[in-house]
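Okay, structure_6.cif is below, mmCIF, C-alpha atoms:
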data_coords
loop_
_atom_site.group_PDB
_atom_site.id
_atom_site.type_symbol
_atom_site.label_atom_id
_atom_site.label_comp_id
_atom_site.auth_asym_id
_atom_site.auth_seq_id
_atom_site.Cartn_x
_atom_site.Cartn_y
_atom_site.Cartn_z
ATOM 1 C CA MET B 1 27.465 15.242 -9.221
ATOM 2 C CA LYS B 2 27.868 13.208 -6.054
ATOM 3 C CA GLN B 3 31.164 11.341 -5.957
ATOM 4 C CA LEU B 4 30.693 7.580 -5.989
ATOM 5 C CA ILE B 5 31.933 5.646 -2.970
ATOM 6 C CA ILE B 6 34.357 2.809 -3.631
ATOM 7 C CA MET B 7 33.369 0.040 -1.213
ATOM 8 C CA ASN B 8 33.885 -3.666 -1.586
ATOM 9 C CA ILE B 9 31.207 -6.186 -0.688
ATOM 10 C CA LYS B 10 32.807 -7.064 2.645
ATOM 11 C CA GLU B 11 32.826 -3.409 3.751
ATOM 12 C CA ILE B 12 29.202 -2.961 2.681
ATOM 13 C CA LEU B 13 28.011 -6.026 4.592
ATOM 14 C CA ILE B 14 29.992 -5.267 7.768
ATOM 15 C CA ASP B 15 28.734 -1.687 7.828
ATOM 16 C CA SER B 16 25.138 -2.845 7.251
ATOM 17 C CA ILE B 17 25.294 -5.537 9.954
ATOM 18 C CA LYS B 18 26.522 -3.005 12.529
ATOM 19 C CA TYR B 19 24.160 -0.220 11.472
ATOM 20 C CA PRO B 20 20.927 -1.378 13.239
ATOM 21 C CA PHE B 21 22.756 -1.575 16.583
ATOM 22 C CA LEU B 22 23.274 2.199 16.554
ATOM 23 C CA ASP B 23 19.806 2.697 18.055
ATOM 24 C CA TRP B 24 17.855 -0.172 19.654
ATOM 25 C CA LYS B 25 14.847 2.104 20.200
ATOM 26 C CA LYS B 26 14.357 2.414 16.437
ATOM 27 C CA ILE B 27 14.432 -1.386 16.091
ATOM 28 C CA LEU B 28 11.717 -1.721 18.740
ATOM 29 C CA ILE B 29 9.510 1.031 17.263
ATOM 30 C CA LEU B 30 9.740 -0.571 13.841
ATOM 31 C CA GLY B 31 9.102 -3.919 15.519
ATOM 32 C CA LEU B 32 5.879 -2.627 17.055
ATOM 33 C CA ILE B 33 4.670 -1.622 13.587
ATOM 34 C CA VAL B 34 5.510 -5.096 12.278
ATOM 35 C CA VAL B 35 3.658 -6.717 15.219
ATOM 36 C CA ILE B 36 0.573 -4.564 14.597
ATOM 37 C CA CYS B 37 0.750 -5.409 10.894
ATOM 38 C CA GLN B 38 0.815 -9.098 11.742
ATOM 39 C CA PHE B 39 -2.540 -9.067 13.597
ATOM 40 C CA PRO B 40 -4.750 -8.886 10.464
ATOM 41 C CA LEU B 41 -2.664 -11.637 8.849
ATOM 42 C CA ASP B 42 -3.100 -13.863 11.898
ATOM 43 C CA ILE B 43 -6.857 -13.398 11.600
ATOM 44 C CA ILE B 44 -7.017 -14.414 7.931
ATOM 45 C CA SER B 45 -4.327 -17.121 8.021
ATOM 46 C CA PRO B 46 -6.785 -20.018 8.548
ATOM 47 C CA PHE B 47 -8.823 -18.964 5.506
ATOM 48 C CA ASN B 48 -8.367 -19.329 1.777
ATOM 49 C CA LEU B 49 -7.816 -16.131 -0.213
ATOM 50 C CA HIS B 50 -11.049 -16.827 -2.088
ATOM 51 C CA TYR B 51 -12.958 -16.390 1.190
ATOM 52 C CA VAL B 52 -14.476 -12.907 0.847
ATOM 53 C CA LEU B 53 -13.880 -11.793 4.460
ATOM 54 C CA THR B 54 -10.116 -12.175 4.102
ATOM 55 C CA TYR B 55 -9.732 -9.263 1.693
ATOM 56 C CA PRO B 56 -10.478 -6.385 4.111
ATOM 57 C CA PHE B 57 -7.916 -7.780 6.567
ATOM 58 C CA LEU B 58 -5.366 -8.206 3.785
ATOM 59 C CA VAL B 59 -5.862 -4.580 2.723
ATOM 60 C CA ILE B 60 -5.477 -3.421 6.345
ATOM 61 C CA ALA B 61 -2.224 -5.389 6.667
ATOM 62 C CA LEU B 62 -0.867 -3.894 3.432
ATOM 63 C CA LEU B 63 -1.746 -0.367 4.570
ATOM 64 C CA ILE B 64 -0.084 -0.832 7.959
ATOM 65 C CA ASN B 65 2.898 -2.339 6.180
ATOM 66 C CA CYS B 66 3.318 0.962 4.306
ATOM 67 C CA PHE B 67 4.662 2.513 7.526
ATOM 68 C CA SER B 68 7.407 -0.112 7.840
ATOM 69 C CA THR B 69 8.302 0.065 4.139
ATOM 70 C CA GLY B 70 8.212 3.848 4.456
ATOM 71 C CA TYR B 71 10.854 3.669 7.174
ATOM 72 C CA PHE B 72 12.778 1.171 5.034
ATOM 73 C CA PHE B 73 12.745 3.810 2.267
ATOM 74 C CA LYS B 74 13.756 6.569 4.698
ATOM 75 C CA ILE B 75 16.829 4.583 5.772
ATOM 76 C CA ILE B 76 17.874 4.303 2.132
ATOM 77 C CA GLN B 77 17.433 8.061 1.694
ATOM 78 C CA TYR B 78 19.441 8.877 4.819
ATOM 79 C CA SER B 79 22.202 6.445 3.908
ATOM 80 C CA LEU B 80 22.481 7.916 0.408
ATOM 81 C CA LYS B 81 23.080 11.289 2.072
ATOM 82 C CA ASP B 82 25.977 9.728 4.012
ATOM 83 C CA THR B 83 24.048 10.154 7.267
ATOM 84 C CA ARG B 84 25.302 7.670 9.821
ATOM 85 C CA GLU B 85 22.505 7.674 12.416
ATOM 86 C CA LEU B 86 19.156 5.965 11.975
ATOM 87 C CA PRO B 87 16.367 8.337 10.881
ATOM 88 C CA LYS B 88 13.669 9.407 13.314
ATOM 89 C CA PHE B 89 10.107 8.161 13.289
ATOM 90 C CA ASN B 90 8.335 11.399 12.395
ATOM 91 C CA LYS B 91 6.287 12.902 9.563
ATOM 92 C CA TRP B 92 4.048 9.848 9.583
ATOM 93 C CA VAL B 93 1.968 10.945 6.599
ATOM 94 C CA LYS B 94 5.094 11.252 4.454
ATOM 95 C CA LEU B 95 6.329 7.935 5.848
ATOM 96 C CA PHE B 96 3.076 6.288 4.757
ATOM 97 C CA LYS B 97 3.151 7.917 1.306
ATOM 98 C CA ASN B 98 6.711 6.755 0.657
ATOM 99 C CA GLY B 99 5.846 3.281 1.896
ATOM 100 C CA PHE B 100 2.866 3.215 -0.448
ATOM 101 C CA LYS B 101 5.153 4.226 -3.333
ATOM 102 C CA VAL B 102 7.554 1.396 -2.466
ATOM 103 C CA THR B 103 4.627 -1.037 -2.405
ATOM 104 C CA CYS B 104 3.451 0.222 -5.809
ATOM 105 C CA VAL B 105 6.937 -0.104 -7.293
ATOM 106 C CA SER B 106 7.257 -3.624 -5.869
ATOM 107 C CA PHE B 107 3.867 -4.546 -7.279
ATOM 108 C CA ILE B 108 4.584 -3.194 -10.757
ATOM 109 C CA TYR B 109 7.958 -4.942 -10.952
ATOM 110 C CA SER B 110 6.362 -8.182 -9.775
ATOM 111 C CA ILE B 111 3.440 -8.179 -12.235
ATOM 112 C CA PRO B 112 4.972 -10.988 -14.367
ATOM 113 C CA VAL B 113 5.009 -13.058 -11.165
ATOM 114 C CA THR B 114 1.854 -11.935 -9.384
ATOM 115 C CA LEU B 115 -0.431 -12.686 -12.313
ATOM 116 C CA PRO B 116 0.231 -16.450 -12.329
ATOM 117 C CA LEU B 117 0.213 -16.452 -8.520
ATOM 118 C CA ILE B 118 -3.223 -14.827 -8.466
ATOM 119 C CA ILE B 119 -4.420 -17.586 -10.748
ATOM 120 C CA LEU B 120 -2.728 -20.206 -8.574
ATOM 121 C CA ASN B 121 -4.082 -18.645 -5.344
ATOM 122 C CA SER B 122 -0.794 -17.910 -3.570
ATOM 123 C CA ASP B 123 -0.116 -15.483 -0.733
ATOM 124 C CA LEU B 124 0.657 -12.123 -2.381
ATOM 125 C CA PHE B 125 1.260 -10.082 0.766
ATOM 126 C CA ASN B 126 4.792 -11.407 1.166
ATOM 127 C CA PHE B 127 5.884 -9.802 -2.094
ATOM 128 C CA TYR B 128 5.612 -6.398 -0.464
ATOM 129 C CA SER B 129 7.215 -7.055 2.905
ATOM 130 C CA TYR B 130 10.984 -7.274 2.855
ATOM 131 C CA THR B 131 11.319 -10.212 5.219
ATOM 132 C CA PRO B 132 12.806 -13.702 4.909
ATOM 133 C CA GLY B 133 9.373 -15.116 5.655
ATOM 134 C CA PHE B 134 8.748 -14.998 1.921
ATOM 135 C CA ILE B 135 11.578 -17.485 1.366
ATOM 136 C CA ILE B 136 10.142 -19.798 4.016
ATOM 137 C CA ILE B 137 6.693 -19.645 2.389
ATOM 138 C CA ILE B 138 8.214 -20.502 -0.990
ATOM 139 C CA MET B 139 10.025 -23.513 0.461
ATOM 140 C CA GLY B 140 6.846 -24.625 2.216
ATOM 141 C CA GLU B 141 4.710 -24.305 -0.906
ATOM 142 C CA ILE B 142 7.194 -26.272 -3.019
ATOM 143 C CA LEU B 143 7.527 -28.974 -0.355
ATOM 144 C CA LEU B 144 3.740 -29.231 -0.087
ATOM 145 C CA ALA B 145 3.471 -29.556 -3.853
ATOM 146 C CA TYR B 146 6.058 -32.341 -3.861
ATOM 147 C CA LEU B 147 4.216 -34.172 -1.098
ATOM 148 C CA HIS B 148 1.111 -34.128 -3.270
ATOM 149 C CA TRP B 149 3.103 -35.202 -6.338
ATOM 150 C CA ASP B 150 1.916 -32.172 -8.270
ATOM 151 C CA VAL B 151 4.785 -31.905 -10.753
ATOM 152 C CA ILE B 152 3.164 -29.221 -12.888
ATOM 153 C CA TRP B 153 2.476 -27.053 -9.824
ATOM 154 C CA VAL B 154 6.065 -27.485 -8.624
ATOM 155 C CA SER B 155 7.482 -26.565 -12.018
ATOM 156 C CA ILE B 156 5.384 -23.405 -12.259
ATOM 157 C CA GLN B 157 6.212 -22.390 -8.686
ATOM 158 C CA VAL B 158 9.946 -22.894 -9.160
ATOM 159 C CA PHE B 159 10.009 -20.976 -12.438
ATOM 160 C CA VAL B 160 7.966 -18.086 -11.042
ATOM 161 C CA TYR B 161 10.053 -17.681 -7.907
ATOM 162 C CA ILE B 162 13.381 -17.989 -9.736
ATOM 163 C CA LEU B 163 12.208 -15.326 -12.176
ATOM 164 C CA TYR B 164 11.261 -13.047 -9.313
ATOM 165 C CA PHE B 165 14.286 -13.568 -7.065
ATOM 166 C CA LEU B 166 17.015 -13.556 -9.711
ATOM 167 C CA ILE B 167 15.713 -10.882 -12.070
ATOM 168 C CA LEU B 168 12.777 -8.778 -10.936
ATOM 169 C CA PHE B 169 13.408 -8.346 -7.200
ATOM 170 C CA PRO B 170 17.084 -7.213 -7.375
ATOM 171 C CA ILE B 171 16.258 -4.768 -10.169
ATOM 172 C CA SER B 172 13.326 -3.424 -8.136
ATOM 173 C CA LEU B 173 15.736 -2.766 -5.251
ATOM 174 C CA MET B 174 17.886 -0.547 -7.483
ATOM 175 C CA ALA B 175 14.709 1.120 -8.756
ATOM 176 C CA ILE B 176 13.669 1.963 -5.185
ATOM 177 C CA ALA B 177 17.178 3.234 -4.413
ATOM 178 C CA ASN B 178 17.097 5.382 -7.558
ATOM 179 C CA MET B 179 13.742 6.803 -6.449
ATOM 180 C CA ALA B 180 15.198 7.505 -2.982
ATOM 181 C CA ASN B 181 18.173 9.239 -4.588
ATOM 182 C CA ASN B 182 15.852 11.582 -6.501
ATOM 183 C CA GLY B 183 13.610 13.027 -3.824
ATOM 184 C CA GLY B 184 11.240 10.075 -3.647
ATOM 185 C CA LYS B 185 9.636 10.871 -7.022
ATOM 186 C CA LEU B 186 7.887 7.789 -8.350
ATOM 187 C CA ARG B 187 8.917 8.202 -11.995
ATOM 188 C CA TYR B 188 12.594 7.669 -11.115
ATOM 189 C CA ALA B 189 11.785 4.065 -10.160
ATOM 190 C CA PHE B 190 11.058 3.419 -13.841
ATOM 191 C CA GLU B 191 14.080 5.052 -15.448
ATOM 192 C CA PHE B 192 15.165 1.680 -16.767
ATOM 193 C CA LYS B 193 18.210 2.916 -18.685
ATOM 194 C CA VAL B 194 19.519 4.798 -15.646
ATOM 195 C CA ILE B 195 18.873 1.795 -13.376
ATOM 196 C CA PHE B 196 20.620 -0.675 -15.678
ATOM 197 C CA ASP B 197 23.512 1.760 -16.206
ATOM 198 C CA LYS B 198 23.821 2.006 -12.419
ATOM 199 C CA ILE B 199 24.021 -1.789 -12.074
ATOM 200 C CA LYS B 200 26.521 -1.893 -14.952
ATOM 201 C CA ASN B 201 28.625 0.744 -13.176
ATOM 202 C CA ILE B 202 28.495 -1.264 -9.942
ATOM 203 C CA GLY B 203 29.387 -4.373 -11.906
ATOM 204 C CA TRP B 204 26.966 -7.237 -12.539
ATOM 205 C CA ILE B 205 29.201 -9.752 -10.748
ATOM 206 C CA LYS B 206 29.607 -7.480 -7.750
ATOM 207 C CA PHE B 207 25.906 -6.637 -7.728
ATOM 208 C CA TYR B 208 24.751 -10.259 -7.758
ATOM 209 C CA SER B 209 27.462 -11.313 -5.307
ATOM 210 C CA TRP B 210 26.183 -8.650 -2.925
ATOM 211 C CA TYR B 211 22.570 -9.692 -3.549
ATOM 212 C CA LEU B 212 23.179 -13.382 -2.883
ATOM 213 C CA LEU B 213 25.358 -12.769 0.197
ATOM 214 C CA THR B 214 22.790 -10.367 1.608
ATOM 215 C CA GLY B 215 20.105 -13.005 1.110
ATOM 216 C CA VAL B 216 22.248 -15.606 2.873
ATOM 217 C CA ILE B 217 22.795 -13.249 5.826
ATOM 218 C CA ASN B 218 19.056 -12.512 6.033
ATOM 219 C CA LEU B 219 18.277 -16.211 6.070
ATOM 220 C CA LEU B 220 20.990 -16.968 8.655
ATOM 221 C CA ILE B 221 19.649 -14.261 10.972
ATOM 222 C CA PHE B 222 16.189 -15.718 10.604
ATOM 223 C CA LEU B 223 17.357 -19.300 11.258
ATOM 224 C CA ILE B 224 19.395 -18.240 14.302
ATOM 225 C CA GLY B 225 16.292 -16.500 15.603
ATOM 226 C CA VAL B 226 14.204 -19.609 15.015
ATOM 227 C CA LEU B 227 16.764 -21.674 16.940
ATOM 228 C CA ILE B 228 16.704 -19.225 19.856
ATOM 229 C CA GLY B 229 12.929 -19.235 19.764
ATOM 230 C CA PHE B 230 12.834 -23.032 19.809
ATOM 231 C CA ILE B 231 15.027 -23.036 22.915
ATOM 232 C CA LEU B 232 12.766 -20.450 24.592
ATOM 233 C CA ILE B 233 9.696 -22.516 23.756
ATOM 234 C CA LEU B 234 11.302 -25.630 25.257
ATOM 235 C CA VAL B 235 11.870 -23.830 28.558
ATOM 236 C CA HIS B 236 8.396 -22.245 28.395
ATOM 237 C CA THR B 237 9.653 -18.701 28.810
ATOM 238 C CA PHE B 238 8.209 -16.712 25.901
ATOM 239 C CA PRO B 239 5.945 -16.967 22.836
ATOM 240 C CA PHE B 240 8.780 -16.261 20.408
ATOM 241 C CA GLU B 241 6.901 -16.774 17.173
ATOM 242 C CA LYS B 242 4.191 -14.271 18.075
ATOM 243 C CA LEU B 243 6.356 -11.484 19.484
ATOM 244 C CA ILE B 244 10.150 -11.782 19.536
ATOM 245 C CA ALA B 245 10.594 -12.505 15.819
ATOM 246 C CA PRO B 246 8.483 -9.583 14.514
ATOM 247 C CA LEU B 247 9.594 -7.277 17.334
ATOM 248 C CA ILE B 248 13.359 -7.726 16.911
ATOM 249 C CA LEU B 249 14.457 -9.969 14.038
ATOM 250 C CA THR B 250 12.258 -8.609 11.261
ATOM 251 C CA PRO B 251 12.980 -4.911 11.968
ATOM 252 C CA TYR B 252 16.704 -5.703 12.246
ATOM 253 C CA ILE B 253 16.595 -7.315 8.791
ATOM 254 C CA TYR B 254 14.618 -4.360 7.399
ATOM 255 C CA ILE B 255 17.243 -1.885 8.650
ATOM 256 C CA PHE B 256 20.218 -4.044 7.629
ATOM 257 C CA PHE B 257 18.798 -4.612 4.151
ATOM 258 C CA ALA B 258 17.889 -0.947 3.552
ATOM 259 C CA ARG B 259 21.354 0.222 4.581
ATOM 260 C CA SER B 260 22.956 -2.408 2.380
ATOM 261 C CA ILE B 261 20.871 -1.371 -0.657
ATOM 262 C CA ALA B 262 21.934 2.262 -0.276
ATOM 263 C CA LEU B 263 25.625 1.375 0.011
ATOM 264 C CA ILE B 264 25.635 -0.930 -3.012
ATOM 265 C CA TYR B 265 23.765 1.723 -5.013
ATOM 266 C CA GLN B 266 26.484 4.259 -4.224
ATOM 267 C CA SER B 267 29.324 1.878 -4.825
ATOM 268 C CA GLU B 268 31.590 1.671 -7.848
ATOM 269 C CA ASN B 269 32.786 -1.489 -9.535
ATOM 270 C CA SER B 270 35.239 -2.691 -6.923
ATOM 271 C CA ILE B 271 35.086 -6.225 -5.496
#
Could you render the structure as structure tokens?
Amino acid sequence: MKQLIIMNIKEILIDSIKYPFLDWKKILILGLIVVICQFPLDIISPFNLHYVLTYPFLVIALLINCFSTGYFFKIIQYSLKDTRELPKFNKWVKLFKNGFKVTCVSFIYSIPVTLPLIILNSDLFNFYSYTPGFIIIIMGEILLAYLHWDVIWVSIQVFVYILYFLILFPISLMAIANMANNGGKLRYAFEFKVIFDKIKNIGWIKFYSWYLLTGVINLLIFLIGVLIGFILILVHTFPFEKLIAPLILTPYIYIFFARSIALIYQSENSI
């Protein structure tokens, strides 16, 4: 049995923040995938999800996204093997398959949330891309609902997103890590007793402290990037929103988050 690593939250976060800087080329390659994935979404963004022509583009975006989530999964696998360097971009078919598995696991764990969102016509793609853009969309939807004085809509939205972020999403992360720790076999993502025992061994307080702090760091990185982008726009130097954010910030967050998930999964109950 692999010996568990005793790491506190501070050590996990510091290690994860530094980790993406080990290889800038990997950040840029992952960024290119994210940029390509964004094209179909840019095409359908002006349309409502009920508009029939949006669905093929949404499917294309989800399929392309499988390559980025596949690399996300590969980082978790490498980190669980105590490998320090970032994994290579190779074996693209396997990368896609693993990314598709991650998407399936995310979808299954989010069913209690996606069902009401399908009814309410919300953007489902963001459930399966591990970026802070999902948080921004949530805030925007709630603000829009408040502006229209739709109290029922606001209440449903808040309940659904709290349910997802505080219960389903963190558990799905441990499920994905458990799958990565067992050769990428899909059934290990649904070993609920093993997953909950793992979180119990980590410590619920430590686990949720890590989860919340990681979310804060993700959001701070995103906001810092937005600030930099705003400055660049003011001086008319670069279209930040269309290129810099998906090319650098999003892949950095992917790599940071994947590394962090692996380290917390390995960690014992030590704050």
> Leaving out Lys88 in chain B and any residue of its chain fewer than 3 positions from it, which residues lie within 12 Å of it when counting only C-alpha atoms, given as a ChimeraX atom specification?
Replying inline: /B:23,25-27,29-30,70-72,74-75,78,85,91-92,95
> Hey, what's within 7 Å of range 201-205 of chain B if we count only C-alpha atoms and toss same-chain stuff fewer than 2 positions away? As a VMD selection string, please?
Replying inline: chain B and resid 197 to 199 207 to 209 267 to 269
>> When the PyMOL selection byres ((chain B and resi 6-19) around 12) is applied to the structure above, which residues does it catch, written out as number ranges by chain?
In response: B: 3-5, 20-24, 26-27, 75-76, 79, 83-87, 201-203, 205-218, 221, 252-271
> How far is it from CA of Ile108 in chain B to CA of Leu166 in chain B, in Å with one decimal?
Replying inline: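 Computed distance, CA of Ile108 in chain B to CA of Leu166 in chain B, equals 16.2 Å.
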> Expressed in Å to a single decimal, how great is the separation between CA of Cys66 in chain B and CA of Arg187 in chain B?
Replying inline: 18.7 Å
>> Counting all atoms listed in the file, which residue out of B:Phe67, B:Tyr109, B:Phe190, B:Phe100 sits closest to Ile167 in chain B?
In response: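 Closest to Ile167 in chain B of all the choices is B:Tyr109.
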> So how far away is CA of Leu62 in chain B from CA of Gly229 in chain B, in Å?
Replying inline: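 Between CA of Gly229 in chain B and CA of Leu62 in chain B the gap works out to 26.3 Å.
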> Pick from B:Thr250, B:Thr103, B:Asn90, B:Gln77: nearest to Ile64 in chain B, with only C-alpha atoms counted?
Replying inline: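 With only C-alpha atoms as the atom set, the closest residue is B:Thr103.
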> From the list B:Tyr161, B:Ile248, B:Asn98, B:Pro112, which residue is nearest Met179 in chain B when using only C-alpha atoms?
Replying inline: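 Going through B:Tyr161, B:Ile248, B:Asn98, B:Pro112 one by one, the smallest distance to Met179 in chain B is for B:Asn98.
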> Counting only C-alpha atoms, which of B:Ile231, B:Val35, B:Val105, B:Leu223 gets nearest to Ile171 in chain B?
Replying inline: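 So, comparing all the options, the nearest one is B:Val105.
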>> Calculated over all atoms listed in the file, which of the candidates B:Leu227, B:Leu173, B:Cys37, B:Gly183 has the smallest distance to Val59 in chain B?
In response: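 Result for the nearest residue to Val59 in chain B: B:Cys37.
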>> the PyMOL selection byres ((chain B and resi 189) around 9) - which residues does that actually catch in the file I just gave you? List them as a PyMOL selection string.
In response: chain B and resi 105+172+174-180+184-188+190-192+195
With the input short on atoms, add N, CA and C atoms back to range 60-89 of chain B and write it as a PDB file, keeping the file's coordinate frame.
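Okay, this is what ended up in out_13.pdb:
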ATOM      1  N   ILE B  60      -5.927  -4.079   5.111  1.00  0.00           N
ATOM      2  CA  ILE B  60      -5.477  -3.421   6.345  1.00  0.00           C
ATOM      3  C   ILE B  60      -4.013  -3.724   6.610  1.00  0.00           C
ATOM      4  N   ALA B  61      -3.615  -4.991   6.445  1.00  0.00           N
ATOM      5  CA  ALA B  61      -2.224  -5.389   6.667  1.00  0.00           C
ATOM      6  C   ALA B  61      -1.291  -4.667   5.702  1.00  0.00           C
ATOM      7  N   LEU B  62      -1.693  -4.574   4.430  1.00  0.00           N
ATOM      8  CA  LEU B  62      -0.867  -3.894   3.432  1.00  0.00           C
ATOM      9  C   LEU B  62      -0.729  -2.409   3.744  1.00  0.00           C
ATOM     10  N   LEU B  63      -1.798  -1.794   4.226  1.00  0.00           N
ATOM     11  CA  LEU B  63      -1.746  -0.367   4.570  1.00  0.00           C
ATOM     12  C   LEU B  63      -0.846  -0.123   5.774  1.00  0.00           C
ATOM     13  N   ILE B  64      -0.965  -0.964   6.793  1.00  0.00           N
ATOM     14  CA  ILE B  64      -0.084  -0.832   7.959  1.00  0.00           C
ATOM     15  C   ILE B  64       1.362  -1.068   7.551  1.00  0.00           C
ATOM     16  N   ASN B  65       1.554  -2.018   6.644  1.00  0.00           N
ATOM     17  CA  ASN B  65       2.898  -2.339   6.180  1.00  0.00           C
ATOM     18  C   ASN B  65       3.562  -1.155   5.476  1.00  0.00           C
ATOM     19  N   CYS B  66       2.755  -0.220   4.974  1.00  0.00           N
ATOM     20  CA  CYS B  66       3.318   0.962   4.306  1.00  0.00           C
ATOM     21  C   CYS B  66       4.167   1.800   5.261  1.00  0.00           C
ATOM     22  N   PHE B  67       3.853   1.764   6.562  1.00  0.00           N
ATOM     23  CA  PHE B  67       4.662   2.513   7.526  1.00  0.00           C
ATOM     24  C   PHE B  67       6.047   1.875   7.679  1.00  0.00           C
ATOM     25  N   SER B  68       6.103   0.546   7.707  1.00  0.00           N
ATOM     26  CA  SER B  68       7.407  -0.112   7.840  1.00  0.00           C
ATOM     27  C   SER B  68       8.221   0.011   6.554  1.00  0.00           C
ATOM     28  N   THR B  69       7.567  -0.118   5.396  1.00  0.00           N
ATOM     29  CA  THR B  69       8.302   0.065   4.139  1.00  0.00           C
ATOM     30  C   THR B  69       8.676   1.532   3.931  1.00  0.00           C
ATOM     31  N   GLY B  70       7.861   2.426   4.508  1.00  0.00           N
ATOM     32  CA  GLY B  70       8.212   3.848   4.456  1.00  0.00           C
ATOM     33  C   GLY B  70       9.483   4.136   5.233  1.00  0.00           C
ATOM     34  N   TYR B  71       9.624   3.497   6.391  1.00  0.00           N
ATOM     35  CA  TYR B  71      10.854   3.669   7.174  1.00  0.00           C
ATOM     36  C   TYR B  71      12.022   2.991   6.469  1.00  0.00           C
ATOM     37  N   PHE B  72      11.784   1.852   5.867  1.00  0.00           N
ATOM     38  CA  PHE B  72      12.778   1.171   5.034  1.00  0.00           C
ATOM     39  C   PHE B  72      13.305   2.141   3.968  1.00  0.00           C
ATOM     40  N   PHE B  73      12.389   2.839   3.309  1.00  0.00           N
ATOM     41  CA  PHE B  73      12.745   3.810   2.267  1.00  0.00           C
ATOM     42  C   PHE B  73      13.521   4.990   2.865  1.00  0.00           C
ATOM     43  N   LYS B  74      13.103   5.428   4.048  1.00  0.00           N
ATOM     44  CA  LYS B  74      13.756   6.569   4.698  1.00  0.00           C
ATOM     45  C   LYS B  74      15.196   6.241   5.065  1.00  0.00           C
ATOM     46  N   ILE B  75      15.456   5.006   5.470  1.00  0.00           N
ATOM     47  CA  ILE B  75      16.829   4.583   5.772  1.00  0.00           C
ATOM     48  C   ILE B  75      17.694   4.654   4.516  1.00  0.00           C
ATOM     49  N   ILE B  76      17.137   4.226   3.396  1.00  0.00           N
ATOM     50  CA  ILE B  76      17.874   4.303   2.132  1.00  0.00           C
ATOM     51  C   ILE B  76      18.198   5.758   1.811  1.00  0.00           C
ATOM     52  N   GLN B  77      17.215   6.640   1.963  1.00  0.00           N
ATOM     53  CA  GLN B  77      17.433   8.061   1.694  1.00  0.00           C
ATOM     54  C   GLN B  77      18.515   8.645   2.588  1.00  0.00           C
ATOM     55  N   TYR B  78      18.455   8.363   3.875  1.00  0.00           N
ATOM     56  CA  TYR B  78      19.441   8.877   4.819  1.00  0.00           C
ATOM     57  C   TYR B  78      20.832   8.338   4.513  1.00  0.00           C
ATOM     58  N   SER B  79      20.905   7.064   4.191  1.00  0.00           N
ATOM     59  CA  SER B  79      22.202   6.445   3.908  1.00  0.00           C
ATOM     60  C   SER B  79      22.815   7.005   2.636  1.00  0.00           C
ATOM     61  N   LEU B  80      21.983   7.325   1.657  1.00  0.00           N
ATOM     62  CA  LEU B  80      22.481   7.916   0.408  1.00  0.00           C
ATOM     63  C   LEU B  80      23.028   9.326   0.638  1.00  0.00           C
ATOM     64  N   LYS B  81      22.574   9.957   1.713  1.00  0.00           N
ATOM     65  CA  LYS B  81      23.080  11.289   2.072  1.00  0.00           C
ATOM     66  C   LYS B  81      24.289  11.199   2.989  1.00  0.00           C
ATOM     67  N   ASP B  82      24.822   9.982   3.138  1.00  0.00           N
ATOM     68  CA  ASP B  82      25.977   9.728   4.012  1.00  0.00           C
ATOM     69  C   ASP B  82      25.694  10.078   5.465  1.00  0.00           C
ATOM     70  N   THR B  83      24.428   9.943   5.873  1.00  0.00           N
ATOM     71  CA  THR B  83      24.048  10.154   7.267  1.00  0.00           C
ATOM     72  C   THR B  83      24.217   8.852   8.024  1.00  0.00           C
ATOM     73  N   ARG B  84      24.952   8.892   9.106  1.00  0.00           N
ATOM     74  CA  ARG B  84      25.302   7.670   9.821  1.00  0.00           C
ATOM     75  C   ARG B  84      24.193   7.178  10.749  1.00  0.00           C
ATOM     76  N   GLU B  85      23.496   8.102  11.430  1.00  0.00           N
ATOM     77  CA  GLU B  85      22.505   7.674  12.416  1.00  0.00           C
ATOM     78  C   GLU B  85      21.223   7.198  11.741  1.00  0.00           C
ATOM     79  N   LEU B  86      20.441   6.422  12.482  1.00  0.00           N
ATOM     80  CA  LEU B  86      19.156   5.965  11.975  1.00  0.00           C
ATOM     81  C   LEU B  86      18.172   7.131  11.965  1.00  0.00           C
ATOM     82  N   PRO B  87      17.333   7.231  10.945  1.00  0.00           N
ATOM     83  CA  PRO B  87      16.367   8.337  10.881  1.00  0.00           C
ATOM     84  C   PRO B  87      15.304   8.232  11.970  1.00  0.00           C
ATOM     85  N   LYS B  88      14.710   9.361  12.289  1.00  0.00           N
ATOM     86  CA  LYS B  88      13.669   9.407  13.314  1.00  0.00           C
ATOM     87  C   LYS B  88      12.333   8.917  12.746  1.00  0.00           C
ATOM     88  N   PHE B  89      11.483   8.478  13.659  1.00  0.00           N
ATOM     89  CA  PHE B  89      10.107   8.161  13.289  1.00  0.00           C
ATOM     90  C   PHE B  89       9.291   9.436  13.452  1.00  0.00           C
TER      91      PHE B  89
END
